[in-house]
Every structure is written in C-alpha cells, then in structure tokens.
$ cat protein_9.cif   # mmCIF, C-alpha atoms and all ligand atoms
data_data
loop_
_atom_site.label_atom_id
_atom_site.label_comp_id
_atom_site.auth_asym_id
_atom_site.auth_seq_id
_atom_site.Cartn_x
_atom_site.Cartn_y
_atom_site.Cartn_z
CA MET A 1 0.00 0.00 0.00
CA ASN A 2 1.30 3.43 -0.89
CA LYS A 3 1.37 5.71 2.10
CA LYS A 4 0.24 9.28 1.63
CA ARG A 5 3.00 11.84 1.65
CA VAL A 6 3.12 14.40 4.43
CA TYR A 7 5.30 17.52 4.36
CA SER A 8 5.83 20.11 7.02
CA GLY A 9 8.45 22.67 7.91
CA ILE A 10 9.52 24.91 10.73
CA ARG A 11 11.43 28.16 10.25
CA ALA A 12 14.90 28.33 11.79
CA THR A 13 14.40 31.11 14.28
CA GLY A 14 16.31 29.59 17.18
CA ARG A 15 15.35 26.68 19.36
CA LEU A 16 11.89 25.21 19.46
CA HIS A 17 9.46 26.34 22.13
CA LEU A 18 6.42 24.72 23.67
CA GLY A 19 4.18 26.24 21.01
CA ASN A 20 6.14 24.46 18.26
CA TYR A 21 6.14 21.27 20.27
CA PHE A 22 2.40 21.03 20.82
CA GLY A 23 1.43 22.81 17.61
CA ALA A 24 3.71 21.01 15.19
CA VAL A 25 6.19 18.46 16.51
CA LYS A 26 3.72 16.31 18.46
CA GLY A 27 1.62 16.07 15.31
CA MET A 28 4.70 15.07 13.33
CA LEU A 29 5.45 12.32 15.84
CA ALA A 30 1.99 10.88 15.48
CA LEU A 31 2.26 10.93 11.68
CA GLN A 32 5.65 9.32 11.15
CA ASP A 33 4.31 5.82 11.85
CA ASN A 34 1.52 5.87 9.31
CA TYR A 35 2.56 8.24 6.54
CA ASP A 36 5.49 8.87 4.26
CA CYS A 37 6.76 12.01 5.94
CA ILE A 38 9.27 14.70 5.13
CA PHE A 39 9.94 17.19 7.91
CA SER A 40 11.98 20.21 7.04
CA VAL A 41 13.80 23.16 8.48
CA VAL A 42 12.73 25.89 6.07
CA ASP A 43 15.78 28.13 6.15
CA LEU A 44 14.93 29.90 2.88
CA HIS A 45 11.72 31.11 4.50
CA THR A 46 13.62 32.16 7.59
CA ILE A 47 15.62 34.80 5.72
CA THR A 48 12.60 36.76 4.47
CA VAL A 49 12.54 38.76 7.72
CA PRO A 50 15.52 40.41 9.45
CA TYR A 51 17.88 37.74 10.79
CA ASP A 52 21.46 37.21 11.90
CA SER A 53 23.38 35.37 9.18
CA SER A 54 26.15 34.42 11.61
CA LYS A 55 23.65 32.45 13.70
CA LEU A 56 21.61 30.82 10.94
CA GLN A 57 23.62 27.61 10.65
CA SER A 58 23.49 26.95 14.37
CA SER A 59 19.73 27.69 14.47
CA ILE A 60 19.12 25.17 11.69
CA ARG A 61 21.11 22.53 13.51
CA GLU A 62 19.36 23.22 16.81
CA ILE A 63 16.04 22.45 15.17
CA ILE A 64 17.27 19.23 13.61
CA ILE A 65 18.51 18.20 17.07
CA ASP A 66 15.19 19.25 18.63
CA TYR A 67 13.35 17.13 16.04
CA LEU A 68 15.50 14.11 16.88
CA ALA A 69 15.25 14.61 20.64
CA ALA A 70 11.48 14.92 20.38
CA GLY A 71 11.41 11.49 18.78
CA LEU A 72 11.36 12.02 15.03
CA ASP A 73 13.09 8.92 13.78
CA PRO A 74 15.14 9.08 10.56
CA LYS A 75 14.24 5.44 9.97
CA LYS A 76 10.59 6.39 9.73
CA CYS A 77 10.67 9.87 8.17
CA HIS A 78 12.99 12.02 6.10
CA LEU A 79 14.52 15.09 7.70
CA GLU A 80 15.36 17.91 5.34
CA ILE A 81 17.14 21.24 5.35
CA GLN A 82 15.23 23.13 2.66
CA SER A 83 18.11 25.08 1.11
CA LYS A 84 20.10 21.89 0.56
CA VAL A 85 17.56 20.63 -1.95
CA LEU A 86 17.77 23.06 -4.85
CA GLY A 87 14.52 21.88 -6.40
CA HIS A 88 12.56 24.08 -3.96
CA VAL A 89 13.90 27.27 -5.52
CA GLU A 90 13.67 26.07 -9.09
CA LEU A 91 10.11 24.85 -8.71
CA ALA A 92 9.13 28.04 -6.88
CA TYR A 93 10.34 30.10 -9.82
CA LEU A 94 8.50 27.94 -12.33
CA LEU A 95 5.29 28.06 -10.31
CA SER A 96 5.58 31.83 -9.88
CA THR A 97 5.12 32.20 -13.63
CA ILE A 98 1.56 30.90 -13.42
CA TYR A 99 0.36 32.79 -10.36
CA PRO A 100 -0.93 36.37 -10.10
CA VAL A 101 0.99 38.96 -8.06
CA SER A 102 -2.25 40.62 -6.96
CA ARG A 103 -3.37 37.49 -5.13
CA LEU A 104 -0.10 37.38 -3.19
CA GLU A 105 -0.34 41.04 -2.24
CA ASP A 106 -3.74 40.38 -0.68
CA LEU A 107 -2.64 37.63 1.70
CA PRO A 108 -3.03 38.41 5.40
CA THR A 109 0.41 37.00 6.25
CA TYR A 110 2.08 39.34 3.73
CA LYS A 111 0.17 42.32 5.08
CA ASP A 112 1.08 41.39 8.67
CA LYS A 113 4.76 41.10 7.84
CA LYS A 114 4.72 44.42 5.99
CA ALA A 115 3.26 46.07 9.08
CA GLN A 116 5.73 44.30 11.36
CA TYR A 117 8.84 45.15 9.28
CA PRO A 118 8.00 48.30 7.30
CA LYS A 119 11.70 48.77 6.41
CA TYR A 120 12.14 45.18 5.23
CA ILE A 121 9.51 44.65 2.59
CA ASN A 122 11.32 42.43 0.13
CA MET A 123 10.48 40.22 -2.86
CA GLY A 124 11.05 37.11 -0.77
CA LEU A 125 8.24 38.08 1.53
CA LEU A 126 5.81 38.35 -1.36
CA TYR A 127 7.20 35.13 -2.79
CA TYR A 128 6.88 33.28 0.52
CA PRO A 129 3.65 31.40 -0.30
CA VAL A 130 4.96 30.36 -3.73
CA LEU A 131 8.08 28.91 -2.14
CA MET A 132 5.91 27.21 0.46
CA ALA A 133 3.78 25.70 -2.32
CA SER A 134 6.92 24.46 -3.99
CA ASP A 135 8.05 22.87 -0.71
CA VAL A 136 5.05 20.61 -0.61
CA LEU A 137 4.47 20.13 -4.35
CA LEU A 138 8.12 19.22 -4.97
CA TYR A 139 7.36 16.04 -3.06
CA LYS A 140 3.76 15.78 -4.22
CA GLY A 141 2.74 16.11 -0.59
CA GLU A 142 -0.93 15.56 0.15
CA LEU A 143 -1.13 16.38 3.83
CA VAL A 144 0.41 19.34 5.63
CA PRO A 145 0.28 19.37 9.42
CA VAL A 146 0.33 23.09 10.29
CA GLY A 147 -1.70 25.49 12.39
CA ILE A 148 -4.89 27.16 11.20
CA ASP A 149 -2.96 30.40 10.59
CA GLN A 150 -1.34 28.70 7.61
CA GLU A 151 -4.64 27.98 5.87
CA PRO A 152 -4.34 30.96 3.46
CA HIS A 153 -0.98 29.57 2.34
CA LEU A 154 -2.52 26.17 1.75
CA GLU A 155 -5.22 27.78 -0.32
CA VAL A 156 -2.51 29.33 -2.52
CA MET A 157 -0.83 25.94 -2.76
CA ARG A 158 -4.02 24.31 -4.00
CA GLU A 159 -4.70 27.12 -6.48
CA ILE A 160 -1.20 26.72 -7.88
CA ALA A 161 -1.59 22.95 -8.13
CA ARG A 162 -4.94 23.30 -9.92
CA LYS A 163 -3.65 25.93 -12.29
CA PHE A 164 -0.56 23.88 -13.14
CA ASN A 165 -2.62 20.75 -13.68
CA SER A 166 -5.05 22.54 -15.94
CA MET A 167 -2.30 24.16 -18.01
CA PHE A 168 0.16 21.30 -18.29
CA GLY A 169 -1.72 18.10 -17.41
CA HIS A 170 -2.31 16.42 -14.11
CA THR A 171 0.87 16.53 -12.04
CA PHE A 172 0.21 17.68 -8.48
CA PRO A 173 -2.22 16.69 -5.72
CA GLU A 174 -4.12 19.47 -3.95
CA PRO A 175 -2.60 19.42 -0.45
CA GLN A 176 -4.86 19.60 2.58
CA ARG A 177 -4.10 20.88 6.04
CA PHE A 178 -3.83 18.03 8.49
CA LYS A 179 -5.25 18.97 11.83
CA THR A 180 -3.37 17.50 14.76
CA ASP A 181 -4.27 17.66 18.45
CA GLY A 182 -3.28 20.56 20.64
CA ASP A 183 -2.87 23.08 17.90
CA TYR A 184 -2.77 26.06 20.15
CA VAL A 185 -0.45 26.90 23.03
CA PRO A 186 -1.29 30.16 24.80
CA SER A 187 1.27 32.91 25.26
CA LEU A 188 2.80 33.72 28.66
CA SER A 189 2.57 37.41 27.88
CA GLY A 190 -1.16 37.89 28.22
CA GLY A 191 -3.23 37.25 25.10
CA GLY A 192 -2.75 35.22 21.95
CA LYS A 193 -0.50 32.32 21.18
CA MET A 194 3.03 31.42 22.17
CA SER A 195 5.37 32.81 19.55
CA LYS A 196 9.09 33.15 19.09
CA SER A 197 8.63 36.69 17.85
CA ILE A 198 6.85 37.88 21.00
CA VAL A 199 9.29 38.47 23.84
CA GLY A 200 8.18 36.89 27.11
CA SER A 201 5.57 34.71 25.42
CA TYR A 202 7.38 31.39 25.25
CA ILE A 203 9.19 28.59 27.06
CA ASN A 204 11.94 26.82 25.10
CA LEU A 205 12.10 23.04 25.10
CA THR A 206 15.64 23.33 26.42
CA ASP A 207 14.78 25.61 29.37
CA ASP A 208 15.83 24.31 32.78
CA ILE A 209 13.49 24.47 35.74
CA GLU A 210 14.84 27.82 36.96
CA THR A 211 14.32 29.41 33.55
CA ILE A 212 10.79 28.06 33.35
CA ARG A 213 10.08 29.44 36.82
CA THR A 214 11.44 32.86 35.88
CA ARG A 215 9.48 33.00 32.63
CA LEU A 216 6.26 32.04 34.38
CA ALA A 217 6.92 34.57 37.14
CA LEU A 218 6.73 37.32 34.51
CA ALA A 219 3.38 36.14 33.11
CA PRO A 220 0.66 38.70 33.90
CA THR A 221 -2.23 37.84 36.23
CA ASP A 222 -4.81 39.87 38.18
CA SER A 223 -5.31 40.74 41.84
CA GLY A 224 -6.74 37.31 42.56
CA LYS A 225 -9.72 38.92 44.27
CA ILE A 226 -12.12 39.18 41.38
CA GLY A 227 -14.11 36.00 41.82
CA GLY A 228 -16.75 34.55 39.50
CA GLU A 229 -15.90 32.41 36.52
CA VAL A 230 -12.29 32.02 35.38
CA PRO A 231 -11.81 34.53 32.51
CA LYS A 232 -11.95 33.25 28.94
CA GLU A 233 -9.07 35.34 27.66
CA GLY A 234 -5.99 37.23 28.88
CA GLY A 235 -3.14 36.28 31.20
CA VAL A 236 -5.14 34.34 33.79
CA ALA A 237 -7.06 32.40 31.15
CA ASN A 238 -3.77 31.46 29.50
CA LEU A 239 -2.30 30.11 32.75
CA PHE A 240 -5.40 27.97 33.25
CA SER A 241 -5.15 26.71 29.66
CA LEU A 242 -1.56 25.69 30.33
CA LEU A 243 -2.71 23.67 33.36
CA ARG A 244 -5.07 21.81 31.02
CA LEU A 245 -2.47 21.36 28.33
CA PHE A 246 -0.11 19.74 30.81
CA LYS A 247 -2.90 17.54 32.12
CA LEU A 248 -2.80 19.04 35.60
CA ASP A 249 -6.55 18.51 35.85
CA SER A 250 -6.97 18.08 39.60
CA GLN A 251 -4.94 21.23 40.21
CA TYR A 252 -7.00 22.98 37.58
CA LYS A 253 -10.13 22.26 39.61
CA LYS A 254 -8.50 23.41 42.84
CA PHE A 255 -7.29 26.71 41.37
CA GLU A 256 -10.63 27.23 39.68
CA GLN A 257 -12.30 26.95 43.09
CA ASP A 258 -9.71 29.30 44.58
CA TYR A 259 -10.39 31.77 41.79
CA MET A 260 -14.12 31.72 42.40
CA ASN A 261 -13.53 32.09 46.14
CA LYS A 262 -11.28 35.12 45.51
CA ASN A 263 -8.33 33.52 47.25
CA ILE A 264 -6.21 32.26 44.39
CA HIS A 265 -2.44 32.50 44.85
CA TYR A 266 -0.84 32.82 41.46
CA ALA A 267 2.63 32.06 42.79
CA GLU A 268 1.30 28.68 43.88
CA LEU A 269 -0.35 28.05 40.50
CA LYS A 270 2.81 29.06 38.68
CA GLU A 271 4.90 26.68 40.78
CA VAL A 272 2.55 23.80 39.95
CA LEU A 273 2.88 24.71 36.28
CA THR A 274 6.66 25.01 36.52
CA GLN A 275 6.89 21.48 37.92
CA GLY A 276 4.39 20.09 35.40
CA ILE A 277 6.12 21.64 32.40
CA TYR A 278 9.57 20.61 33.54
CA LYS A 279 8.41 17.03 34.09
CA GLU A 280 7.27 16.87 30.47
CA LEU A 281 10.48 18.43 29.17
CA LYS A 282 13.01 16.45 31.18
CA PRO A 283 13.03 13.25 29.08
CA PHE A 284 13.27 15.39 25.94
CA GLN A 285 16.26 17.23 27.38
CA GLU A 286 17.97 13.99 28.31
CA ARG A 287 17.56 12.63 24.78
CA ARG A 288 18.76 15.91 23.37
CA LYS A 289 22.09 15.59 25.19
CA ILE A 290 22.84 12.38 23.34
CA PHE A 291 22.54 14.12 19.97
CA GLU A 292 24.33 17.25 21.14
CA GLU A 293 27.31 15.14 22.07
CA ASP A 294 27.41 13.13 18.86
CA SER A 295 27.86 15.55 16.01
CA ASN A 296 28.92 12.81 13.58
CA LEU A 297 25.59 11.11 14.09
CA VAL A 298 23.69 14.32 13.46
CA ASP A 299 25.79 15.05 10.34
CA SER A 300 25.08 11.63 8.91
CA ILE A 301 21.34 11.93 9.60
CA ILE A 302 21.30 15.30 7.80
CA GLU A 303 23.21 13.87 4.84
CA GLU A 304 20.99 10.82 4.61
CA GLY A 305 17.89 13.00 4.60
CA ARG A 306 19.35 15.25 1.94
CA LEU A 307 20.14 12.37 -0.41
CA LYS A 308 16.70 10.82 -0.05
CA CYS A 309 14.94 14.12 -0.58
CA ILE A 310 17.04 15.07 -3.61
CA LYS A 311 16.12 11.81 -5.25
CA ILE A 312 12.39 12.36 -4.86
CA ALA A 313 12.70 16.02 -5.84
CA GLN A 314 14.57 15.17 -9.02
CA GLU A 315 11.77 12.95 -10.25
CA THR A 316 9.27 15.79 -9.87
CA MET A 317 11.58 18.31 -11.52
CA VAL A 318 12.18 16.09 -14.56
CA GLU A 319 8.43 15.77 -14.97
CA VAL A 320 7.74 19.48 -14.44
CA ARG A 321 10.45 20.67 -16.84
CA LYS A 322 9.15 18.32 -19.49
CA LYS A 323 5.52 19.34 -19.04
CA MET A 324 6.40 23.02 -19.18
CA GLY A 325 8.34 22.49 -22.38
CA LEU A 326 11.71 23.20 -20.82
CA SER A 327 13.17 19.87 -21.85
N1 LIG B 1 4.94 29.02 6.71
C1 LIG B 1 5.17 27.97 7.67
C2 LIG B 1 5.09 28.57 9.08
O1 LIG B 1 5.35 29.73 9.25
C3 LIG B 1 6.52 27.31 7.48
C4 LIG B 1 6.57 26.55 6.21
C5 LIG B 1 7.32 26.85 5.10
C6 LIG B 1 5.88 25.35 5.92
N2 LIG B 1 7.13 25.90 4.15
C7 LIG B 1 6.26 24.98 4.60
C8 LIG B 1 4.96 24.58 6.64
C9 LIG B 1 5.71 23.85 3.99
C10 LIG B 1 4.43 23.46 6.03
C11 LIG B 1 4.80 23.10 4.71
O2 LIG B 1 4.78 27.86 9.99
#
$ encode --input "protein_9.cif" --output "structure tokens" --more "lines below"
Ligand code: TRP
Amino acid sequence: MNKKRVYSGIRATGRLHLGNYFGAVKGMLALQDNYDCIFSVVDLHTITVPYDSSKLQSSIREIIIDYLAAGLDPKKCHLEIQSKVLGHVELAYLLSTIYPVSRLEDLPTYKDKKAQYPKYINMGLLYYPVLMASDVLLYKGELVPVGIDQEPHLEVMREIARKFNSMFGHTFPEPQRFKTDGDYVPSLSGGGKMSKSIVGSYINLTDDIETIRTRLALAPTDSGKIGGEVPKEGGVANLFSLLRLFKLDSQYKKFEQDYMNKNIHYAELKEVLTQGIYKELKPFQERRKIFEEDSNLVDSIIEEGRLKCIKIAQETMVEVRKKMGLS
C-alpha cells in the first residue's frame, strides 16, 4: 500500500518552544508511523525577515537536534534542510510564472509582515507562499500538518496545483491541512498564542526548571480577588489553559475553586505549572544531550535526509520541466 506523503516545515528562528512542540512536533510524531513524511527546516523562509546570518547555521542545527530529541526517527521519516535541496527554488520560480501577483499582495500574512517590518519589505516576503507551495508540491505532498494560521498559504498551494494541472496536465495533488491535536499553546505574555517573535511569550524546550520558573513569574495575572468564573481570555485564562495542556486537571479544579472564592495564589499556581512543564520536558532534554554530544551522528542523519529528498525532488523536476516544455 502506498502511504500518503506528508510535508511540514519549521522556520529556523532559534530553538523550538512549547508552542512548536504542541502545535507542530507532536503532530509530526503521530504521523511518522503511518505516513510517508518529510519534515523540514525551512531556512529559505527564515531569511525573508531580518535575521542574523552568523547564527543561521546553528539555528538550523538546533532544530534538527530538537526534532530528533522529540522522537522524530530518521528510519521512519525524512529530515530535510530546505536550502540543501535546490529543487525548492527552481520549482518556486517555475510556479511563480503561473500565479498572479495581486493574489499574493492580498494575503493576510504578507500584510502582517509588511506592518511588522516596514523597512524590510522584500520580494522574498511576497514570494513566501509560492516557495511554500513548492516545498510541498516538490514532493507531491498531500497532507500538511500546520496550524490554522497557515490555511491561506494552503489555499494558494491548491490554487497553484490546480492551475498547473489545468495548463500542463495532471501533475500535483491538492494538499490539505492536516489537523493535529493541541494546535494552540497560549502565550505567557497575556493574550494570543506562544510565539518566538513575541518576547516573554514562550518557554523553550531546552529551558531548565529555573528558567521556566522565571518565565512564568513574569506572566501577567490579576489581583486574585475578582471571583466569579475564570476569565476566557488574557493572562489568567492562559495560565489555566496551560494547566489543562499539561494535564494538571486536579490542580485545575482546585485553582478554579480558589479563583471563584477570591483567594487564588498565582505564585502557587505558577509553581505547579513550573513542575508540570519541567516534568514533560526532562526526558526530551535527556535525549537531546545524546545528539548534542554526537555531532557525527547528526551530520550523517542530515546527509541521509538530503540524499533521499534530492532523489524524490529530481523525479518531480524532470516531470515538471518536461511538461512546461523546458526539456
Ligand atoms: N509558513 C510555515 C510557518 O510559518 C513554514 C513553512 C514553510 C511550511 N514551508 C512549509 C509549513 C511547507 C508546512 C509546509 O509555519
């Protein structure tokens, strides 16, 4: 039986945090047993916003090591560093010739990034969704485990696939978003979701217990004397969501009671969370050490992934060049 192909990628913006773990990596772990998976570090996407070129290589490697420590197994899935497989860029260019600029300019992610970096509006940013489409289509990926915020990009991907198929004959599947459990990890900084680009919002998978404690200490709360139902959004709501996420259900009930009785002690809640989060991260951190200390092993895993991916990519590129009349 042919397994369906899954493709997903994470940008190389430093180490992974809890949001990546629950939002992406846990989903990847569940998929590697039943699908033909390629999991990538998308470094070419990383450089579309301001970044430090002297740190990029180490960031890429940190993510590969995080992937391995989390349990992605190179015997079950292929690990890729995007820029090492040249087909991504070539296919992105070819696909860009059949897709309207106006549609890209309208995408919410492009508009957000323009607002966030008004002095760094570059072609790559506009091109981002085309490159992302090429990531998945290069491998004829059918399923893409990413958060709901990526849905507009998946829509572009499907439009490109349809357009290509109608112009040059059936070639690409129309990839679908694959929803995995625990999509959403709340931020520590009040509202919204945990994000690398929001200072004070995240906990890294490599944080020790002291760091976790310090980060939680800075998370905003209220006076603790408000009473009534636990709020549905904001800092307090997010701390309660984290209790749930880490399956601290009995403590959740206790603190919920305390909240309603106007005698909640947030320091106590934060300590329970600190312990709960650290307990989940400890085995990961122990596995991570093994890979950190064996750089030959990591190098060979990267090389093996590269060779496997190049082989699949080449097949697609031969087909695409031929269909487009380029060979
Ligand atoms: N845009 C994705 C994100 O920000 C990263 C990404 C790039 C990606 N290429 C991809 C995700 C291909 C899935 C498939 O999370």
$ closest_residue --input "protein_9.cif" --among "A:Lys270, A:Asn261, A:Val42, A:Gly234" --to "A:Arg215" --atoms "all atoms listed in the file"
A:Lys270
$ residues_near_ligand --input "protein_9.cif" --ligand "ligand LIG 1 (chain B)" --cutoff "8 Å" --atoms "only C-alpha atoms and all ligand atoms" --output "ChimeraX atom specification"
/A:7-11,40,42,45,128-129,131-133,135-136,144-147,150,153
$ residues_around --input "protein_9.cif" --residues "A:Val6" --least-positions-apart "5" --cutoff "8 Å" --atoms "all atoms listed in the file" --output "ChimeraX atom specification"
/A:35-38,141-145
$ residues_around --input "protein_9.cif" --residues "A:Lys289" --least-positions-apart "5" --cutoff "12 Å" --atoms "all atoms listed in the file" --output "JSON, numbers by chain"
{"A": [62, 65, 66, 68, 69, 70, 206, 282, 283, 284, 294, 295, 298]}
$ atom_distance --input "protein_9.cif" --atom1 "atom CA of A:Glu303" --atom2 "atom CA of A:Ser83"
12.9 Å
$ residues_around --input "protein_9.cif" --residues "A:Thr274" --least-positions-apart "6" --cutoff "7 Å" --atoms "only C-alpha atoms" --output "mmCIF file with C-alpha atoms, keeping the file's coordinate frame"
data_model
loop_
_atom_site.group_PDB
_atom_site.id
_atom_site.type_symbol
_atom_site.label_atom_id
_atom_site.label_comp_id
_atom_site.auth_asym_id
_atom_site.auth_seq_id
_atom_site.Cartn_x
_atom_site.Cartn_y
_atom_site.Cartn_z
ATOM 1 C CA ILE A 209 13.490 24.470 35.740
ATOM 2 C CA ILE A 212 10.790 28.060 33.350
ATOM 3 C CA ARG A 213 10.080 29.440 36.820
#
$ residues_around --input "protein_9.cif" --residues "A:Ser223" --least-positions-apart "3" --cutoff "12 Å" --atoms "all atoms listed in the file" --output "number ranges by chain"
A: 220, 226-227, 235-236, 259, 262-267
$ closest_residue --input "protein_9.cif" --among "A:Met157, A:Leu94, A:Leu138, A:Val101" --to "A:Leu126" --atoms "only C-alpha atoms"
A:Val101
